[in-house]
Amino acid sequence: MKELIDSFLDYLTVERGLAKNTVVAYRQDLNIYLDFMERRGISALSRISKNDIVEFMLFEKGQGVSPRSISRRLAAIRMFHRFLSRERILKDDPTNLIDSPKLWKKVPDTLSLNEVESLISQPDVRLKQGARDKAILETLYATGMRVSECTDLKANNVNLDIGFLRCVGKGNKERVIPLGKKAIHSINRYLQSSRPYFLKGRSSEFLFVNRSGDKLSRQSVWKLITQYAKEAGIKKPIKVHTLRHSFATHLLERGADLRSVQEMLGHSNISTTQIYTHIDKERLKTIHKMFHPRP
């Protein structure tokens, strides 16, 4: 059965243009799914029924897997079976009548303005690495880019003269995002002092490089964010997209329209962006409770 996963993932990559990280996640989810079926004695995809898939979802729930993860796995399973049906490898699609588990949208963790300022001020810009790290933090907060988009950012896709960068996001979709003055200043400083030092005469298409002159990994950026958050004394849980969530929240709090924020974040569906409006509503409720004469 697992041989067909490779064909499906090739289809997602070549024809659908899905991001590498998404394809990797789908592979993991489908391997878990087929391992469960094999343990139940099901050795052929044609023998999988709707009830078997429901049993898989219930098993995952019993193992403590979150509803969000179960929903994501079901999405992978549904796409897999639709692919098999469309390619006429299977006659029927057992996922047709299965509903996705209803999920409460979790409001993302965000930082306050003071916390963002404290975080971004931690790198010592007198050091080569500090100047680079400052530029990375400023870029992430100024643009709301995903960390993977930041590490994939090409140097020739950044125009500091007009203050924009061109970002390639999920599904190889491009979008143009403005850069603020502070981010431009930090990137300029990094380009003048740190980047040539790291490259040591070599060339690289990527804007942000490590001390060996190679492309930075997502894990490296994640580590520097968590390290500076610790140094800033931030007690909130810091996740890989905390600055992205903070970017969106702070824009909406100051009156930005939802469509513009959607475009800058690269969301294909505005309902994904709408989750950030819940944060603003919670802030309004807090203010109301604090100041209304009859809270």
# chains A, B, ... in the order shown; residues from 1 in each chain; ligands from 1

$ closest_atom_pairs --of "segment 13-115 of chain A" --to "segment 223-232 of chain A" --cutoff "12 Å" --atoms "only C-alpha atoms" --output "CSV"
residue,atom,partner,partner_atom,distance
A:Leu111,CA,A:Ala229,CA,10.4
A:Asn114,CA,A:Ala232,CA,10.4
A:Glu115,CA,A:Ala232,CA,7.8

$ write_last_selection --atoms "C-alpha atoms" --output "PDB file, in the first residue's frame"
ATOM      1  CA  LEU A 111       3.474  39.144  22.229  1.00  0.00           C
ATOM      2  CA  ASN A 114       6.700  45.934  24.733  1.00  0.00           C
ATOM      3  CA  GLU A 115       7.594  42.256  24.543  1.00  0.00           C
TER       4      GLU A 115
END

$ closest_residue --among "A:Ala135, A:Leu207, A:Ile187, A:Leu30" --to "Asn157 of chain A" --atoms "only C-alpha atoms"
A:Leu207

$ closest_residue --among "A:Leu165, A:Ala248, A:Leu127, A:Ile177" --to "Arg189 of chain A" --atoms "only C-alpha atoms"
A:Leu127

$ select_by_dssp --residues "segment 14-241 of chain A" --states "strand (DSSP E)" --output "PDB file with C-alpha atoms, in the first residue's frame"
ATOM      1  CA  VAL A 158      14.708  42.338  -1.398  1.00  0.00           C
ATOM      2  CA  ASN A 159      14.583  45.939  -2.596  1.00  0.00           C
ATOM      3  CA  PHE A 164       9.588  45.908  -0.370  1.00  0.00           C
ATOM      4  CA  LEU A 165      10.473  42.258  -0.575  1.00  0.00           C
ATOM      5  CA  ARG A 166       9.124  39.462  -2.754  1.00  0.00           C
ATOM      6  CA  CYS A 167       8.225  36.364  -0.778  1.00  0.00           C
ATOM      7  CA  VAL A 168       7.625  32.861  -2.142  1.00  0.00           C
ATOM      8  CA  GLU A 174       4.489  34.905  -4.599  1.00  0.00           C
ATOM      9  CA  ARG A 175       3.469  37.991  -2.690  1.00  0.00           C
ATOM     10  CA  VAL A 176       5.003  41.417  -2.178  1.00  0.00           C
ATOM     11  CA  ILE A 177       5.300  42.719   1.390  1.00  0.00           C
ATOM     12  CA  PRO A 178       6.372  46.196   2.570  1.00  0.00           C
TER      13      PRO A 178
END

$ residues_around --residues "Val147 of chain A" --least-positions-apart "2" --cutoff "8 Å" --atoms "only C-alpha atoms" --output "PDB file with N, CA and C atoms, in the first residue's frame"
ATOM      1  N   LEU A 140      11.144  39.402  10.322  1.00  0.00           N
ATOM      2  CA  LEU A 140      10.004  38.547  10.666  1.00  0.00           C
ATOM      3  C   LEU A 140       8.830  39.375  11.193  1.00  0.00           C
ATOM      4  N   MET A 145       6.303  37.157   7.796  1.00  0.00           N
ATOM      5  CA  MET A 145       6.703  35.966   7.038  1.00  0.00           C
ATOM      6  C   MET A 145       6.774  34.737   7.940  1.00  0.00           C
ATOM      7  N   GLU A 149       9.841  30.846   5.062  1.00  0.00           N
ATOM      8  CA  GLU A 149       9.893  31.849   4.003  1.00  0.00           C
ATOM      9  C   GLU A 149      11.076  32.788   4.208  1.00  0.00           C
ATOM     10  N   CYS A 150      11.376  33.066   5.462  1.00  0.00           N
ATOM     11  CA  CYS A 150      12.498  33.941   5.789  1.00  0.00           C
ATOM     12  C   CYS A 150      13.827  33.266   5.433  1.00  0.00           C
ATOM     13  N   THR A 151      13.971  31.988   5.770  1.00  0.00           N
ATOM     14  CA  THR A 151      15.222  31.290   5.467  1.00  0.00           C
ATOM     15  C   THR A 151      15.377  31.055   3.964  1.00  0.00           C
ATOM     16  N   ARG A 218      15.736  26.424   9.378  1.00  0.00           N
ATOM     17  CA  ARG A 218      14.588  26.843  10.180  1.00  0.00           C
ATOM     18  C   ARG A 218      14.878  26.614  11.657  1.00  0.00           C
ATOM     19  N   VAL A 221      16.951  29.451  13.171  1.00  0.00           N
ATOM     20  CA  VAL A 221      16.160  30.661  13.446  1.00  0.00           C
ATOM     21  C   VAL A 221      15.273  30.443  14.660  1.00  0.00           C
ATOM     22  N   TRP A 222      14.677  29.274  14.776  1.00  0.00           N
ATOM     23  CA  TRP A 222      13.844  28.933  15.927  1.00  0.00           C
ATOM     24  C   TRP A 222      14.656  29.022  17.220  1.00  0.00           C
ATOM     25  N   VAL A 240       7.228  28.910  16.870  1.00  0.00           N
ATOM     26  CA  VAL A 240       7.965  29.289  15.681  1.00  0.00           C
ATOM     27  C   VAL A 240       7.309  30.461  14.938  1.00  0.00           C
ATOM     28  N   HIS A 241       5.978  30.603  15.045  1.00  0.00           N
ATOM     29  CA  HIS A 241       5.296  31.686  14.328  1.00  0.00           C
ATOM     30  C   HIS A 241       4.781  32.778  15.270  1.00  0.00           C
TER      31      HIS A 241
END

$ residues_around --residues "Leu265 of chain A" --least-positions-apart "5" --cutoff "10 Å" --atoms "only C-alpha atoms" --output "list in words"
Thr143, Gly144, Met145, Arg146, Gly169, Arg175, Ile177, Arg244, His245, Phe247, Ala248, Arg259, Ser260, Thr272 and Thr273 of chain A

$ atom_distance --atom1 "atom CA of Val209 of chain A" --atom2 "atom CA of Ala155 of chain A"
10.4 Å

$ residues_around --residues "segment 21-29 of chain A" --least-positions-apart "5" --cutoff "8 Å" --atoms "only C-alpha atoms" --output "list in words"
Ile5, Leu9, Leu12, Thr13, Arg73, Ala76 and Ile77 of chain A

$ residues_around --residues "segment 55-65 of chain A" --least-positions-apart "3" --cutoff "12 Å" --atoms "only C-alpha atoms" --output "list of chain:residue names"
A:Asp29, A:Leu30, A:Ile32, A:Tyr33, A:Leu34, A:Asp35, A:Phe36, A:Met37, A:Glu38, A:Arg39, A:Arg40, A:Ile48, A:Ser49, A:Lys50, A:Asn51, A:Asp52, A:Arg68, A:Ser69, A:Ile70, A:Ser71, A:Arg72, A:Arg73, A:Leu74, A:Ala75, A:Ile77, A:Ile98, A:Asp99, A:Ser100, A:Pro101

$ closest_residue --among "A:Gly255, A:Ile238, A:Ile162, A:Arg211" --to "Tyr197 of chain A" --atoms "only C-alpha atoms"
A:Arg211

$ select_by_dssp --residues "segment 208-282 of chain A" --states "alpha helix (DSSP H)" --output "PDB file with N, CA and C atoms, in the first residue's frame"
ATOM      1  N   ARG A 218      15.736  26.424   9.378  1.00  0.00           N
ATOM      2  CA  ARG A 218      14.588  26.843  10.180  1.00  0.00           C
ATOM      3  C   ARG A 218      14.878  26.614  11.657  1.00  0.00           C
ATOM      4  N   GLN A 219      15.556  25.510  11.952  1.00  0.00           N
ATOM      5  CA  GLN A 219      15.871  25.193  13.346  1.00  0.00           C
ATOM      6  C   GLN A 219      16.788  26.247  13.969  1.00  0.00           C
ATOM      7  N   SER A 220      17.727  26.766  13.172  1.00  0.00           N
ATOM      8  CA  SER A 220      18.644  27.797  13.688  1.00  0.00           C
ATOM      9  C   SER A 220      17.892  29.074  14.039  1.00  0.00           C
ATOM     10  N   VAL A 221      16.951  29.451  13.171  1.00  0.00           N
ATOM     11  CA  VAL A 221      16.160  30.661  13.446  1.00  0.00           C
ATOM     12  C   VAL A 221      15.273  30.443  14.660  1.00  0.00           C
ATOM     13  N   TRP A 222      14.677  29.274  14.776  1.00  0.00           N
ATOM     14  CA  TRP A 222      13.844  28.933  15.927  1.00  0.00           C
ATOM     15  C   TRP A 222      14.656  29.022  17.220  1.00  0.00           C
ATOM     16  N   LYS A 223      15.893  28.504  17.196  1.00  0.00           N
ATOM     17  CA  LYS A 223      16.746  28.534  18.386  1.00  0.00           C
ATOM     18  C   LYS A 223      17.091  29.968  18.785  1.00  0.00           C
ATOM     19  N   LEU A 224      17.396  30.807  17.792  1.00  0.00           N
ATOM     20  CA  LEU A 224      17.775  32.181  18.156  1.00  0.00           C
ATOM     21  C   LEU A 224      16.582  32.961  18.695  1.00  0.00           C
ATOM     22  N   ILE A 225      15.378  32.684  18.175  1.00  0.00           N
ATOM     23  CA  ILE A 225      14.182  33.359  18.692  1.00  0.00           C
ATOM     24  C   ILE A 225      13.943  32.969  20.148  1.00  0.00           C
ATOM     25  N   THR A 226      14.018  31.664  20.435  1.00  0.00           N
ATOM     26  CA  THR A 226      13.770  31.209  21.812  1.00  0.00           C
ATOM     27  C   THR A 226      14.860  31.692  22.763  1.00  0.00           C
ATOM     28  N   GLN A 227      16.095  31.747  22.292  1.00  0.00           N
ATOM     29  CA  GLN A 227      17.187  32.209  23.146  1.00  0.00           C
ATOM     30  C   GLN A 227      17.023  33.683  23.508  1.00  0.00           C
ATOM     31  N   TYR A 228      16.701  34.518  22.517  1.00  0.00           N
ATOM     32  CA  TYR A 228      16.527  35.953  22.788  1.00  0.00           C
ATOM     33  C   TYR A 228      15.271  36.210  23.624  1.00  0.00           C
ATOM     34  N   ALA A 229      14.238  35.392  23.435  1.00  0.00           N
ATOM     35  CA  ALA A 229      13.039  35.535  24.268  1.00  0.00           C
ATOM     36  C   ALA A 229      13.366  35.249  25.724  1.00  0.00           C
ATOM     37  N   LYS A 230      14.199  34.249  25.939  1.00  0.00           N
ATOM     38  CA  LYS A 230      14.631  33.912  27.306  1.00  0.00           C
ATOM     39  C   LYS A 230      15.436  35.047  27.906  1.00  0.00           C
ATOM     40  N   GLU A 231      16.336  35.620  27.105  1.00  0.00           N
ATOM     41  CA  GLU A 231      17.156  36.736  27.584  1.00  0.00           C
ATOM     42  C   GLU A 231      16.303  37.968  27.859  1.00  0.00           C
ATOM     43  N   THR A 242       5.340  32.901  16.464  1.00  0.00           N
ATOM     44  CA  THR A 242       4.874  33.906  17.420  1.00  0.00           C
ATOM     45  C   THR A 242       4.991  35.320  16.842  1.00  0.00           C
ATOM     46  N   LEU A 243       6.096  35.629  16.187  1.00  0.00           N
ATOM     47  CA  LEU A 243       6.252  36.968  15.609  1.00  0.00           C
ATOM     48  C   LEU A 243       5.270  37.186  14.453  1.00  0.00           C
ATOM     49  N   ARG A 244       4.977  36.151  13.701  1.00  0.00           N
ATOM     50  CA  ARG A 244       3.988  36.239  12.615  1.00  0.00           C
ATOM     51  C   ARG A 244       2.607  36.534  13.185  1.00  0.00           C
ATOM     52  N   HIS A 245       2.238  35.826  14.248  1.00  0.00           N
ATOM     53  CA  HIS A 245       0.947  36.067  14.889  1.00  0.00           C
ATOM     54  C   HIS A 245       0.887  37.482  15.477  1.00  0.00           C
ATOM     55  N   SER A 246       1.995  37.920  16.071  1.00  0.00           N
ATOM     56  CA  SER A 246       2.031  39.254  16.678  1.00  0.00           C
ATOM     57  C   SER A 246       1.908  40.333  15.601  1.00  0.00           C
ATOM     58  N   PHE A 247       2.573  40.131  14.474  1.00  0.00           N
ATOM     59  CA  PHE A 247       2.488  41.056  13.339  1.00  0.00           C
ATOM     60  C   PHE A 247       1.033  41.266  12.924  1.00  0.00           C
ATOM     61  N   ALA A 248       0.311  40.163  12.724  1.00  0.00           N
ATOM     62  CA  ALA A 248      -1.085  40.246  12.266  1.00  0.00           C
ATOM     63  C   ALA A 248      -1.969  40.903  13.310  1.00  0.00           C
ATOM     64  N   THR A 249      -1.786  40.506  14.556  1.00  0.00           N
ATOM     65  CA  THR A 249      -2.618  41.036  15.639  1.00  0.00           C
ATOM     66  C   THR A 249      -2.422  42.538  15.810  1.00  0.00           C
ATOM     67  N   HIS A 250      -1.167  42.981  15.805  1.00  0.00           N
ATOM     68  CA  HIS A 250      -0.880  44.402  16.029  1.00  0.00           C
ATOM     69  C   HIS A 250      -1.397  45.260  14.876  1.00  0.00           C
ATOM     70  N   LEU A 251      -1.342  44.736  13.653  1.00  0.00           N
ATOM     71  CA  LEU A 251      -1.893  45.486  12.513  1.00  0.00           C
ATOM     72  C   LEU A 251      -3.398  45.664  12.651  1.00  0.00           C
ATOM     73  N   LEU A 252      -4.090  44.566  12.990  1.00  0.00           N
ATOM     74  CA  LEU A 252      -5.546  44.637  13.114  1.00  0.00           C
ATOM     75  C   LEU A 252      -5.969  45.511  14.277  1.00  0.00           C
ATOM     76  N   GLU A 253      -5.217  45.477  15.362  1.00  0.00           N
ATOM     77  CA  GLU A 253      -5.544  46.321  16.519  1.00  0.00           C
ATOM     78  C   GLU A 253      -5.454  47.796  16.175  1.00  0.00           C
ATOM     79  N   LEU A 258      -8.822  43.578   7.052  1.00  0.00           N
ATOM     80  CA  LEU A 258      -8.557  42.147   7.066  1.00  0.00           C
ATOM     81  C   LEU A 258      -7.984  41.663   5.734  1.00  0.00           C
ATOM     82  N   ARG A 259      -8.468  42.202   4.627  1.00  0.00           N
ATOM     83  CA  ARG A 259      -8.008  41.772   3.303  1.00  0.00           C
ATOM     84  C   ARG A 259      -6.522  42.081   3.103  1.00  0.00           C
ATOM     85  N   SER A 260      -6.089  43.237   3.563  1.00  0.00           N
ATOM     86  CA  SER A 260      -4.680  43.607   3.412  1.00  0.00           C
ATOM     87  C   SER A 260      -3.791  42.690   4.246  1.00  0.00           C
ATOM     88  N   VAL A 261      -4.235  42.398   5.474  1.00  0.00           N
ATOM     89  CA  VAL A 261      -3.467  41.498   6.342  1.00  0.00           C
ATOM     90  C   VAL A 261      -3.426  40.095   5.731  1.00  0.00           C
ATOM     91  N   GLN A 262      -4.561  39.656   5.169  1.00  0.00           N
ATOM     92  CA  GLN A 262      -4.617  38.357   4.491  1.00  0.00           C
ATOM     93  C   GLN A 262      -3.576  38.288   3.376  1.00  0.00           C
ATOM     94  N   GLU A 263      -3.497  39.352   2.582  1.00  0.00           N
ATOM     95  CA  GLU A 263      -2.557  39.373   1.455  1.00  0.00           C
ATOM     96  C   GLU A 263      -1.114  39.328   1.939  1.00  0.00           C
ATOM     97  N   MET A 264      -0.803  40.086   2.989  1.00  0.00           N
ATOM     98  CA  MET A 264       0.562  40.108   3.501  1.00  0.00           C
ATOM     99  C   MET A 264       0.966  38.779   4.138  1.00  0.00           C
ATOM    100  N   LEU A 265       0.004  38.108   4.778  1.00  0.00           N
ATOM    101  CA  LEU A 265       0.289  36.821   5.396  1.00  0.00           C
ATOM    102  C   LEU A 265       0.354  35.688   4.371  1.00  0.00           C
ATOM    103  N   ILE A 270      -9.635  33.816   3.559  1.00  0.00           N
ATOM    104  CA  ILE A 270      -9.697  34.884   4.568  1.00  0.00           C
ATOM    105  C   ILE A 270     -10.152  34.356   5.924  1.00  0.00           C
ATOM    106  N   SER A 271     -10.825  33.206   5.951  1.00  0.00           N
ATOM    107  CA  SER A 271     -11.268  32.648   7.230  1.00  0.00           C
ATOM    108  C   SER A 271     -10.071  32.304   8.108  1.00  0.00           C
ATOM    109  N   THR A 272      -8.924  31.985   7.485  1.00  0.00           N
ATOM    110  CA  THR A 272      -7.703  31.719   8.253  1.00  0.00           C
ATOM    111  C   THR A 272      -7.220  32.989   8.931  1.00  0.00           C
ATOM    112  N   THR A 273      -7.354  34.112   8.241  1.00  0.00           N
ATOM    113  CA  THR A 273      -6.909  35.397   8.800  1.00  0.00           C
ATOM    114  C   THR A 273      -7.856  35.877   9.894  1.00  0.00           C
ATOM    115  N   ILE A 275      -9.074  34.521  12.371  1.00  0.00           N
ATOM    116  CA  ILE A 275      -8.788  34.072  13.732  1.00  0.00           C
ATOM    117  C   ILE A 275      -8.134  35.186  14.544  1.00  0.00           C
ATOM    118  N   TYR A 276      -7.402  36.076  13.865  1.00  0.00           N
ATOM    119  CA  TYR A 276      -6.725  37.161  14.582  1.00  0.00           C
ATOM    120  C   TYR A 276      -7.707  38.219  15.084  1.00  0.00           C
ATOM    121  N   THR A 277      -8.902  38.268  14.502  1.00  0.00           N
ATOM    122  CA  THR A 277      -9.894  39.232  14.987  1.00  0.00           C
ATOM    123  C   THR A 277     -10.402  38.820  16.363  1.00  0.00           C
ATOM    124  N   HIS A 278     -10.314  37.516  16.697  1.00  0.00           N
ATOM    125  CA  HIS A 278     -10.763  37.062  18.012  1.00  0.00           C
ATOM    126  C   HIS A 278      -9.895  37.658  19.116  1.00  0.00           C
ATOM    127  N   ILE A 279      -8.614  37.840  18.800  1.00  0.00           N
ATOM    128  CA  ILE A 279      -7.690  38.406  19.785  1.00  0.00           C
ATOM    129  C   ILE A 279      -8.100  39.828  20.115  1.00  0.00           C
ATOM    130  N   ASP A 280      -8.435  40.594  19.067  1.00  0.00           N
ATOM    131  CA  ASP A 280      -8.846  41.973  19.266  1.00  0.00           C
ATOM    132  C   ASP A 280     -10.141  42.034  20.063  1.00  0.00           C
ATOM    133  N   LYS A 281     -11.058  41.089  19.825  1.00  0.00           N
ATOM    134  CA  LYS A 281     -12.313  41.058  20.571  1.00  0.00           C
ATOM    135  C   LYS A 281     -12.063  40.779  22.048  1.00  0.00           C
ATOM    136  N   GLU A 282     -11.108  39.879  22.317  1.00  0.00           N
ATOM    137  CA  GLU A 282     -10.773  39.593  23.712  1.00  0.00           C
ATOM    138  C   GLU A 282     -10.202  40.831  24.392  1.00  0.00           C
TER     139      GLU A 282
END
